[in-house]
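Peer 1: So I've got this file, final-v7.txt, and it contains compact mmCIF, C-alpha atoms and all ligand atoms:
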```
# COMPACT_ATOMS: atom_id res chain seq x y z
CA MET A 73 22.61 -6.82 13.05
CA ALA A 74 23.50 -10.09 11.27
CA ALA A 75 21.78 -10.34 7.87
CA LEU A 76 18.10 -11.01 8.41
CA GLU A 77 16.96 -14.30 6.92
CA LEU A 78 13.98 -13.61 4.70
CA PRO A 79 11.37 -16.26 3.91
CA PRO A 80 11.17 -17.47 0.29
CA ARG A 81 9.98 -14.89 -2.22
CA VAL A 82 9.19 -14.83 -5.92
CA ASP A 83 10.56 -12.08 -8.09
CA LEU A 84 7.60 -9.91 -9.14
CA ALA A 85 8.67 -6.32 -8.38
CA ARG A 86 11.10 -3.97 -10.07
CA ARG A 87 13.49 -3.44 -7.19
CA PRO A 88 15.15 -1.29 -5.97
CA THR A 89 12.73 1.54 -6.62
CA PRO A 90 14.34 4.99 -6.86
CA LEU A 91 14.47 7.63 -4.15
CA HIS A 92 13.93 11.03 -5.76
CA TYR A 93 14.57 14.48 -4.33
CA LEU A 94 11.64 16.83 -4.89
CA ALA A 95 13.36 20.18 -5.43
CA ARG A 96 10.33 22.24 -6.39
CA ALA A 97 8.03 20.67 -3.80
CA SER A 98 10.69 21.31 -1.13
CA GLU A 99 10.79 24.95 -2.14
CA ARG A 100 6.99 25.21 -2.27
CA TRP A 101 6.12 23.42 1.00
CA GLY A 102 9.34 22.37 2.75
CA GLN A 103 9.92 25.35 5.09
CA GLY A 104 13.61 24.40 5.17
CA HIS A 105 13.02 20.63 5.02
CA ARG A 106 14.15 18.49 2.11
CA LEU A 107 11.27 16.46 0.66
CA TRP A 108 11.99 13.11 -0.96
CA VAL A 109 9.84 10.44 -2.54
CA LYS A 110 10.49 6.70 -2.51
CA ARG A 111 8.98 5.67 -5.84
CA ASP A 112 7.22 2.41 -5.02
CA ASP A 113 4.67 3.45 -7.62
CA LEU A 114 7.41 2.31 -10.02
CA SER A 115 7.57 -1.21 -8.61
CA GLY A 116 5.92 -2.37 -11.84
CA CYS A 117 3.16 -1.27 -14.18
CA LEU A 118 0.24 -3.58 -13.46
CA LEU A 119 1.77 -4.83 -10.24
CA SER A 120 2.56 -1.26 -9.25
CA GLY A 121 2.64 0.07 -5.73
CA ASN A 122 3.15 -1.36 -2.28
CA LYS A 123 1.11 -4.52 -2.75
CA VAL A 124 3.62 -6.25 -4.97
CA ARG A 125 6.26 -6.23 -2.25
CA LYS A 126 3.91 -8.18 0.02
CA LEU A 127 2.77 -10.47 -2.79
CA GLU A 128 6.31 -11.61 -3.49
CA PHE A 129 6.27 -13.40 -0.15
CA ILE A 130 2.60 -14.41 -0.27
CA VAL A 131 2.83 -16.01 -3.72
CA ALA A 132 6.01 -17.87 -2.72
CA HIS A 133 4.15 -19.22 0.31
CA ALA A 134 1.18 -20.26 -1.85
CA LEU A 135 3.46 -22.14 -4.25
CA ALA A 136 5.33 -23.81 -1.38
CA GLU A 137 2.00 -24.95 0.10
CA GLY A 138 0.92 -26.46 -3.23
CA CYS A 139 -1.89 -23.97 -3.80
CA ASP A 140 -3.24 -23.40 -7.31
CA THR A 141 -5.54 -20.49 -6.40
CA LEU A 142 -5.38 -17.22 -4.48
CA ILE A 143 -8.53 -15.86 -2.87
CA THR A 144 -8.53 -12.30 -1.59
CA CYS A 145 -10.88 -9.42 -0.91
CA GLY A 146 -11.27 -5.66 -1.04
CA GLY A 147 -13.28 -2.77 -2.47
CA VAL A 148 -14.44 -2.79 -6.06
CA GLN A 149 -11.51 -0.51 -6.94
CA SER A 150 -9.01 -2.29 -4.69
CA ASN A 151 -5.38 -1.92 -5.74
CA HIS A 152 -4.54 -5.01 -3.74
CA CYS A 153 -7.08 -7.11 -5.65
CA ARG A 154 -5.79 -5.86 -9.00
CA ALA A 155 -2.20 -6.54 -7.98
CA THR A 156 -3.16 -10.03 -6.78
CA ALA A 157 -4.99 -10.71 -10.07
CA PHE A 158 -1.82 -9.87 -12.03
CA ALA A 159 0.56 -11.57 -9.60
CA GLY A 160 -1.53 -14.72 -9.97
CA ALA A 161 -1.57 -14.50 -13.76
CA GLN A 162 2.21 -13.98 -13.78
CA SER A 163 2.75 -16.96 -11.50
CA GLY A 164 0.34 -19.44 -13.08
CA LEU A 165 -2.15 -19.27 -10.20
CA SER A 166 -5.91 -18.71 -10.49
CA VAL A 167 -7.29 -15.73 -8.60
CA HIS A 168 -10.72 -15.34 -7.03
CA LEU A 169 -11.72 -11.88 -5.77
CA LEU A 170 -14.42 -11.18 -3.19
CA LEU A 171 -15.34 -7.55 -3.74
CA ARG A 172 -17.24 -5.19 -1.43
CA GLY A 173 -20.16 -3.42 -3.06
CA GLU A 174 -22.58 -3.82 -5.96
CA GLU A 175 -21.12 -4.79 -9.30
CA PRO A 176 -20.34 -1.51 -11.10
CA ALA A 177 -22.37 -0.73 -14.21
CA ALA A 178 -19.18 0.12 -16.10
CA SER A 179 -15.89 -1.77 -15.98
CA GLU A 180 -13.24 0.82 -15.26
CA GLY A 181 -10.05 1.33 -13.27
CA ASN A 182 -8.94 -1.64 -11.23
CA PHE A 183 -12.24 -3.48 -11.73
CA LEU A 184 -11.59 -3.55 -15.47
CA LEU A 185 -8.01 -4.73 -14.93
CA ASP A 186 -9.14 -7.51 -12.56
CA GLN A 187 -11.29 -8.90 -15.36
CA LEU A 188 -8.60 -8.57 -17.99
CA ALA A 189 -6.25 -10.55 -15.74
CA GLY A 190 -8.81 -13.35 -15.76
CA ALA A 191 -9.80 -13.21 -12.10
CA THR A 192 -13.04 -14.85 -10.99
CA ILE A 193 -15.06 -12.12 -9.26
CA ASN A 194 -17.95 -12.08 -6.81
CA CYS A 195 -19.39 -8.75 -5.67
CA TYR A 196 -21.20 -8.70 -2.32
CA PRO A 197 -23.43 -5.93 -0.97
CA LYS A 198 -21.55 -3.97 1.69
CA ARG A 199 -23.61 -5.21 4.62
CA GLN A 200 -23.17 -8.87 3.65
CA TYR A 201 -19.46 -8.38 2.97
CA VAL A 202 -18.85 -6.80 6.37
CA SER A 203 -20.78 -9.40 8.35
CA GLU A 204 -19.89 -12.54 6.38
CA LEU A 205 -16.36 -12.08 5.04
CA PRO A 206 -14.68 -14.86 7.08
CA ASP A 207 -17.48 -17.26 6.10
CA LEU A 208 -17.14 -16.30 2.45
CA PHE A 209 -13.44 -17.19 2.52
CA VAL A 210 -14.25 -20.57 4.12
CA HIS A 211 -17.06 -21.17 1.61
CA TRP A 212 -14.80 -20.61 -1.40
CA GLN A 213 -11.84 -22.49 0.04
CA GLU A 214 -14.14 -25.49 0.61
CA HIS A 215 -15.50 -25.08 -2.89
CA TYR A 216 -11.99 -25.39 -4.35
CA ALA A 217 -11.14 -28.29 -2.04
CA ARG A 218 -14.19 -30.20 -3.34
CA LEU A 219 -12.77 -29.73 -6.84
CA GLY A 220 -9.47 -31.25 -5.71
CA ARG A 221 -7.78 -27.87 -5.72
CA LYS A 222 -6.14 -25.77 -3.00
CA ALA A 223 -6.75 -22.08 -2.41
CA LEU A 224 -4.76 -19.71 -0.19
CA ALA A 225 -6.85 -17.08 1.63
CA ILE A 226 -5.09 -13.70 1.60
CA PRO A 227 -6.47 -11.14 4.07
CA THR A 228 -7.44 -7.57 3.17
CA GLY A 229 -4.50 -5.73 1.64
CA GLY A 230 -2.24 -8.77 2.07
CA SER A 231 -1.66 -7.40 5.56
CA ASP A 232 -0.64 -10.03 8.10
CA GLY A 233 2.53 -11.52 9.52
CA LEU A 234 3.54 -12.91 6.12
CA GLY A 235 2.79 -9.79 4.06
CA ALA A 236 4.71 -7.70 6.60
CA TRP A 237 7.93 -9.12 5.12
CA GLY A 238 7.37 -6.99 2.01
CA TYR A 239 8.24 -3.78 3.82
CA ILE A 240 10.63 -5.37 6.28
CA ALA A 241 12.69 -6.35 3.23
CA ALA A 242 12.18 -2.87 1.72
CA CYS A 243 14.01 -1.44 4.73
CA GLU A 244 17.21 -3.05 3.51
CA GLU A 245 16.69 -1.09 0.30
CA LEU A 246 15.95 2.08 2.26
CA LYS A 247 19.19 1.65 4.17
CA ALA A 248 21.10 1.86 0.88
CA ASP A 249 18.91 4.81 -0.23
CA LEU A 250 19.74 6.78 2.91
CA ALA A 251 23.44 6.16 2.44
CA SER A 252 23.51 7.17 -1.22
CA ALA A 253 21.38 10.29 -0.64
CA ASP A 254 23.51 11.26 2.37
CA ILE A 255 20.52 11.34 4.73
CA ASP A 256 21.47 10.97 8.42
CA SER A 257 17.97 10.76 9.79
CA ALA A 258 14.50 11.27 8.37
CA HIS A 259 10.79 11.04 8.89
CA LEU A 260 9.14 8.50 6.60
CA VAL A 261 5.45 9.00 5.80
CA THR A 262 3.16 6.41 4.22
CA ALA A 263 -0.56 6.01 3.64
CA THR A 264 -1.99 3.29 5.86
CA GLY A 265 -5.15 1.40 4.89
CA SER A 266 -4.92 -2.18 6.10
CA GLY A 267 -1.78 -1.60 8.16
CA GLY A 268 0.64 -4.06 6.55
CA THR A 269 2.91 -1.52 4.91
CA GLN A 270 3.17 0.43 8.14
CA ALA A 271 3.74 -2.76 10.14
CA GLY A 272 6.55 -3.87 7.81
CA LEU A 273 8.22 -0.46 7.78
CA THR A 274 7.95 -0.05 11.53
CA LEU A 275 9.41 -3.48 12.22
CA GLY A 276 12.00 -3.22 9.43
CA ALA A 277 13.29 0.21 10.44
CA SER A 278 13.86 -1.15 13.92
CA LEU A 279 15.36 -4.48 12.79
CA TYR A 280 17.81 -2.76 10.44
CA GLY A 281 18.49 0.05 12.91
CA LEU A 282 17.51 2.72 10.39
CA PRO A 283 17.45 6.36 11.50
CA LEU A 284 13.84 6.64 10.33
CA THR A 285 10.74 7.71 12.22
CA VAL A 286 7.87 5.91 10.47
CA TRP A 287 4.43 7.54 10.31
CA GLY A 288 1.20 6.15 8.85
CA VAL A 289 -1.46 8.59 7.65
CA ASN A 290 -4.68 6.64 8.02
CA VAL A 291 -7.08 6.81 5.08
CA CYS A 292 -9.87 5.04 6.97
CA ASP A 293 -10.74 4.19 10.58
CA ASP A 294 -8.72 6.02 13.26
CA GLU A 295 -5.46 6.08 15.20
CA GLN A 296 -6.47 3.40 17.71
CA TYR A 297 -7.53 1.04 14.94
CA PHE A 298 -4.07 1.23 13.36
CA LEU A 299 -2.20 0.97 16.66
CA ASP A 300 -4.10 -2.28 17.24
CA LYS A 301 -3.78 -3.51 13.65
CA VAL A 302 -0.02 -2.97 13.43
CA ALA A 303 0.37 -4.67 16.83
CA ALA A 304 -1.73 -7.62 15.60
CA ASP A 305 0.26 -7.97 12.35
CA SER A 306 3.52 -7.75 14.32
CA ALA A 307 2.33 -10.45 16.75
CA ASP A 308 1.28 -12.66 13.84
CA TRP A 309 4.71 -12.12 12.24
CA ARG A 310 6.47 -13.15 15.42
CA SER A 311 4.33 -16.22 15.97
CA ARG A 312 4.79 -17.41 12.36
CA PHE A 313 8.53 -16.67 12.34
CA PRO A 314 9.65 -17.31 15.93
CA ALA A 315 13.37 -17.08 15.08
CA VAL A 316 13.21 -13.35 14.25
CA PRO A 317 15.13 -11.00 16.55
CA PRO A 318 13.17 -9.30 19.34
CA VAL A 319 11.87 -5.81 18.50
CA SER A 320 8.92 -3.82 19.76
CA PRO A 321 9.04 -0.49 17.98
CA GLU A 322 6.72 2.44 18.59
CA VAL A 323 3.83 2.75 16.11
CA ARG A 324 3.00 6.28 14.98
CA VAL A 325 -0.22 7.38 13.29
CA LEU A 326 -1.09 10.79 11.85
CA ASP A 327 -4.87 10.86 12.25
CA GLY A 328 -7.22 13.53 10.93
CA TYR A 329 -6.92 13.24 7.15
CA VAL A 330 -9.59 10.66 6.32
CA GLY A 331 -12.04 13.39 5.31
CA GLU A 332 -15.58 12.19 4.76
CA GLY A 333 -14.56 8.57 4.63
CA TYR A 334 -12.54 5.89 2.90
CA GLY A 335 -12.29 6.61 -0.81
CA VAL A 336 -13.97 10.02 -0.49
CA ALA A 337 -11.59 12.95 -0.83
CA GLY A 338 -12.35 16.65 -0.47
CA PRO A 339 -11.64 19.28 -3.15
CA GLU A 340 -8.35 20.19 -1.43
CA VAL A 341 -6.99 16.69 -2.09
CA PHE A 342 -7.90 16.85 -5.78
CA ALA A 343 -6.34 20.33 -6.01
CA LEU A 344 -3.15 19.06 -4.33
CA ILE A 345 -2.92 16.06 -6.68
CA ALA A 346 -3.20 18.38 -9.69
CA GLU A 347 -0.70 20.87 -8.27
CA LEU A 348 1.91 18.21 -7.53
CA ALA A 349 1.44 16.55 -10.92
CA ALA A 350 2.18 19.86 -12.65
CA LEU A 351 4.96 20.88 -10.24
CA GLU A 352 6.94 17.64 -10.08
CA GLY A 353 5.40 15.27 -12.63
CA LEU A 354 4.42 13.04 -9.73
CA LEU A 355 0.92 11.57 -9.73
CA LEU A 356 -0.93 10.71 -6.52
CA ASP A 357 -4.39 9.16 -6.15
CA PRO A 358 -7.43 10.38 -4.21
CA VAL A 359 -7.92 7.26 -2.05
CA TYR A 360 -4.47 6.74 -0.50
CA THR A 361 -1.46 8.79 -1.51
CA GLY A 362 -3.28 12.11 -2.06
CA LYS A 363 -4.65 12.06 1.49
CA ALA A 364 -1.31 10.91 2.91
CA PHE A 365 0.61 13.64 1.12
CA GLN A 366 -1.91 16.21 2.31
CA GLY A 367 -1.50 14.93 5.86
CA MET A 368 2.28 15.07 5.59
CA LEU A 369 2.20 18.69 4.42
CA ALA A 370 -0.26 19.72 7.14
CA GLU A 371 1.89 18.10 9.84
CA LEU A 372 5.03 19.65 8.38
CA ALA A 373 3.40 23.08 8.52
CA ALA A 374 2.39 22.44 12.14
CA GLY A 375 6.03 21.66 13.06
CA ARG A 376 5.68 17.91 13.62
CA PHE A 377 8.92 17.10 11.77
CA ARG A 378 11.03 19.95 13.11
CA ASP A 379 13.73 17.66 14.54
CA CYS A 380 14.81 16.40 11.09
CA ARG A 381 15.76 18.11 7.89
CA ASP A 382 14.69 15.23 5.66
CA ILE A 383 11.19 13.89 5.06
CA ILE A 384 10.58 10.90 2.80
CA PHE A 385 7.15 10.23 1.34
CA LEU A 386 6.58 6.60 0.38
CA HIS A 387 4.64 6.63 -2.88
CA THR A 388 2.60 3.44 -2.56
CA GLY A 389 1.04 3.63 -6.04
CA GLY A 390 -2.69 3.66 -6.78
CA VAL A 391 -2.66 5.39 -10.15
CA PHE A 392 -5.64 3.40 -11.47
CA GLY A 393 -7.75 4.92 -8.70
CA VAL A 394 -7.46 8.31 -10.40
CA PHE A 395 -9.59 7.47 -13.42
CA PRO A 396 -12.88 6.44 -11.76
CA GLN A 397 -12.77 9.83 -9.92
CA ALA A 398 -11.70 11.95 -12.89
CA GLN A 399 -14.84 14.07 -12.66
CA ASN A 400 -13.65 15.55 -9.33
CA PHE A 401 -10.66 17.34 -10.81
CA LYS A 402 -11.25 20.97 -11.74
CA LEU A 403 -9.44 21.14 -15.06
CA ALA A 404 -8.89 24.22 -17.17
CA GLY A 405 -9.45 22.20 -20.35
CA ALA A 406 -7.40 22.26 -23.51
CA SER A 407 -6.83 25.58 -25.21
CA VAL A 408 -6.53 25.70 -28.96
CA ARG A 409 -4.60 28.57 -30.46
CA GLY A 410 -5.07 29.50 -34.08
C1 LIG A 501 -2.05 2.89 -3.27
C2 LIG A 501 -2.10 2.38 -1.87
N1 LIG A 501 -1.41 3.04 -0.94
C3 LIG A 501 -1.43 2.65 0.35
C4 LIG A 501 -2.17 1.56 0.75
C5 LIG A 501 -2.15 1.19 2.20
O1 LIG A 501 -1.34 0.08 2.41
P1 LIG A 501 -1.70 -0.95 3.55
O2 LIG A 501 -2.96 -1.64 3.11
O3 LIG A 501 -0.55 -1.85 3.60
O4 LIG A 501 -1.94 -0.18 4.78
C6 LIG A 501 -2.91 0.83 -0.20
C7 LIG A 501 -3.75 -0.33 0.16
O5 LIG A 501 -4.49 -0.38 1.08
C8 LIG A 501 -2.87 1.25 -1.55
O6 LIG A 501 -3.55 0.60 -2.50
```
So that I can check it, write out the structure of this file as C-alpha cells.

Peer 2:
Amino acid sequence: MAALELPPRVDLARRPTPLHYLARASERWGQGHRLWVKRDDLSGCLLSGNKVRKLEFIVAHALAEGCDTLITCGGVQSNHCRATAFAGAQSGLSVHLLLRGEEPAASEGNFLLDQLAGATINCYPKRQYVSELPDLFVHWQEHYARLGRKALAIPTGGSDGLGAWGYIAACEELKADLASADIDSAHLVTATGSGGTQAGLTLGASLYGLPLTVWGVNVCDDEQYFLDKVAADSADWRSRFPAVPPVSPEVRVLDGYVGEGYGVAGPEVFALIAELAALEGLLLDPVYTGKAFQGMLAELAAGRFRDCRDIIFLHTGGVFGVFPQAQNFKLAGASVRG
C-alpha cells in the first residue's frame, strides 16, 4: 500500500511504545504460545494509555477549527476524561468534563487528577446523564459560544471517525514491531469499552496488510453492541475522510468477560492482576485491562488462538483505576523481621 496520509496530529504521546515478550507469563499460561505485550501504558505518565493516541488527532482538529475548549464525557473515574484534561492543559485548551454519577465524597484516582489539571467538572446523576447527554453537550457548547468562545464536543472515549486514526496510525508502529520481533502472524487482543481502539486497530491492520487478527474483549455491553459500534465508527471515518482506501475488515469480539458490569470485577480479576504484577512487573487495572487479560487467557485455554504461535496483548493503560479499588485486593501485608 502507498503510505497512508494521516490527518494533522499534535505530538502528545511517547511513541513508539515498546513490544515486550512475557517469558514467565508464556510459561505460566501460554500452552506453547508466545505471549507479548504492546506497552501503550507507557505512552506517557498522565496521558498514559490508549486515549492519548486518539487525542493527538482530536486536539489537532480542535486547534485547526479555532476551538479554545474541549468538552467530553465519561464515568467519574474515566481514563479518557483524565487524559483529555491533561492533553488540554498541555495544549493550552480549556477542558470541561461531563461526568456520570454523583460527585464523589473523596477526590481520588482520575477524579483527583482531572481537578489538578484544571478541568471544569459537572457531575450528573446516572439517569440524567444517560437520557440527556446529547443535550448537555449542546447546552455547554452554546454556553461557550455566548461567551465568544468555541468548544469541540468529543464523544465518549474519543471514539469516532476522527479518534479512530489513533490506532490506525499505531498499526504502522505495530508493523515495525512485528518485523523486529520476528513475528509472522499473531492474534492481537485489546480491551474494548467505547470501541474506538478496536475500530482503529481493525481498520489499520487491514489498511497496512498486517498479519494480525484483532480481538476486542468487551468490558461493558455485549458482542452485538461492539459489532455495531465499530461499524458506526468505521462509517464515520470513511465519510469524514472519503479519500481513504476501501477496506471492510471483519470485527471480532470476545464476549463473556464483563462480569457483574462495567467497572465491577470479580475476585478472579483482582487475583490475576496481583499475580501478573508479581510475575512480570506488569500492572493491569480492574476496569479494562484486567478483564481483557482474563478473557485472553480463558480463550487461549479454550483453544481459540491455536492457529498462531504469537499472541499480543495491547496494554491500554488505566493504572489510576487501581487505587479507588485497592480494597478489593487480597494482600498478605508487610512482614517485619527482627
Ligand atoms: C485503560 C483503558 N483500556 C481500554 C479502554 C477501551 O478503549 P476504547 O474506549 O477505545 O474502546 C479504555 C477506555 O474506554 C481505557 O481507559

Peer 1: Between atom CA of Pro197 of chain A and atom CA of Gly146 of chain A, what distance in Å does the model show, to one decimal?

Peer 2: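 Spanning atom CA of Pro197 of chain A to atom CA of Gly146 of chain A is a straight-line distance of 12.2 Å.
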
Peer 1: In Å, how far is it from atom CA of Lys110 of chain A to atom CA of Leu386 of chain A?

Peer 2: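 Separation of atom CA of Lys110 of chain A and atom CA of Leu386 of chain A: 4.9 Å.
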
Peer 1: What is the atom CA of Ala178 of chain A-atom CA of Thr144 of chain A distance in Å, reported with one decimal?

Peer 2: 21.9 Å

Peer 1: May I have the protein, DNA and RNA residues with an atom at most 10 Å from (8.7, 15.4, 11.4), counting all atoms listed in the file in the file's coordinates, returned as a PyMOL selection string?

Peer 2: chain A and resi 105+258-261+285-287+368+371-384

Peer 1: Give me the residues near Gln366 of chain A as a PyMOL selection string, where near means some atom within 9 Å (using all atoms listed in the file) and where sequence neighbours in that chain fewer than 6 positions away do not count.

Peer 2: chain A and resi 329+340-341+344

Peer 1: Here is a test: counting all atoms listed in the file, which residue of A:Ala241, A:Ala248, A:Leu119, A:Leu165 is nearest to ligand LIG 501 (chain A)?

Peer 2: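 That would be A:Leu119, the residue with the smallest distance to ligand LIG 501 (chain A).
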
Peer 1: Ligand LIG 501 (chain A): which residues are within 7 Å, counting all atoms listed in the file? Reply as a list in words.

Peer 2: Gly121, Asn122, Lys123, Ser150, Asn151, His152, Gly229, Ser231, Ala263, Thr264, Gly265, Ser266, Gly267, Gly268, Thr269, Gln270, Tyr360, Thr361, Thr388, Gly389 and Gly390 of chain A

Peer 1: Pick out the residues sitting within 8 Å of Ala189 of chain A, and hand them over as a PDB file with C-alpha atoms, in the coordinates of the input; count all atoms listed in the file, and ignore anything fewer than 5 positions along from it in its own chain.

Peer 2:
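That gives us selection19.pdb:
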```pdb
ATOM      1  CA  ALA A 157      -4.990 -10.710 -10.070  1.00  0.00           C
ATOM      2  CA  PHE A 158      -1.820  -9.870 -12.030  1.00  0.00           C
ATOM      3  CA  ALA A 161      -1.570 -14.500 -13.760  1.00  0.00           C
TER       4      ALA A 161
END
```

Peer 1: Which residue out of A:Gly173, A:Gly281, A:Pro79, A:Pro314 has the minimum interatomic distance to Leu246 of chain A when all atoms listed in the file are used?

Peer 2: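 Nearest to Leu246 of chain A: A:Gly281.
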
Peer 1: From the list A:Gln200, A:Ser163, A:Ser320, A:Thr89, which residue is nearest Ser278 of chain A when using all atoms listed in the file?

Peer 2: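 Answer, going by the shortest atom-to-atom distance: A:Ser320.
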
Peer 1: Quick one: residues within 12 Å of Val210 of chain A, all atoms listed in the file counted, chain neighbours fewer than 3 positions away excluded, as a VMD selection string?

Peer 2: chain A and resid 143 to 144 170 204 to 207 213 to 217 222 to 226

Peer 1: Of the candidates A:Pro396, A:Gly335, A:Pro80, A:Gly104, which one gets nearest to Gly238 of chain A if we count all atoms listed in the file?

Peer 2: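 Answer, going by the shortest atom-to-atom distance: A:Pro80.
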
Peer 1: Can you work out which one of A:Phe183, A:Phe401, A:Trp101, A:Trp237 has the shortest atom-to-atom distance to Asp305 of chain A, counting all atoms listed in the file?

Peer 2: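 Among the listed residues, A:Trp237 lies closest to Asp305 of chain A.
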
Peer 1: Point out the residue among A:Leu184, A:Ala350, A:Leu171, A:Leu219 with the least atom-to-atom distance to Asp140 of chain A, counting all atoms listed in the file.

Peer 2: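 Selected residue with least distance to Asp140 of chain A: A:Leu219.
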
Peer 1: Please determine the residues with any atom at most 12 Å from (-5.2, -0.1, 17.0) (coordinates as given in the file, with all atoms listed in the file counting) and report them as a list in words.

Peer 2: Ser266, Gly267, Ala271, Asn290, Asp293, Asp294, Glu295, Gln296, Tyr297, Phe298, Leu299, Asp300, Lys301, Val302, Ala303, Ala304, Asp305, Ser306, Val323, Arg324, Val325 and Asp327 of chain A

Peer 1: If you count only C-alpha atoms, which residues fall within 8 Å of Ala242 of chain A, apart from same-chain ones fewer than 6 positions away, as a ChimeraX atom specification?

Peer 2: /A:125,273,276
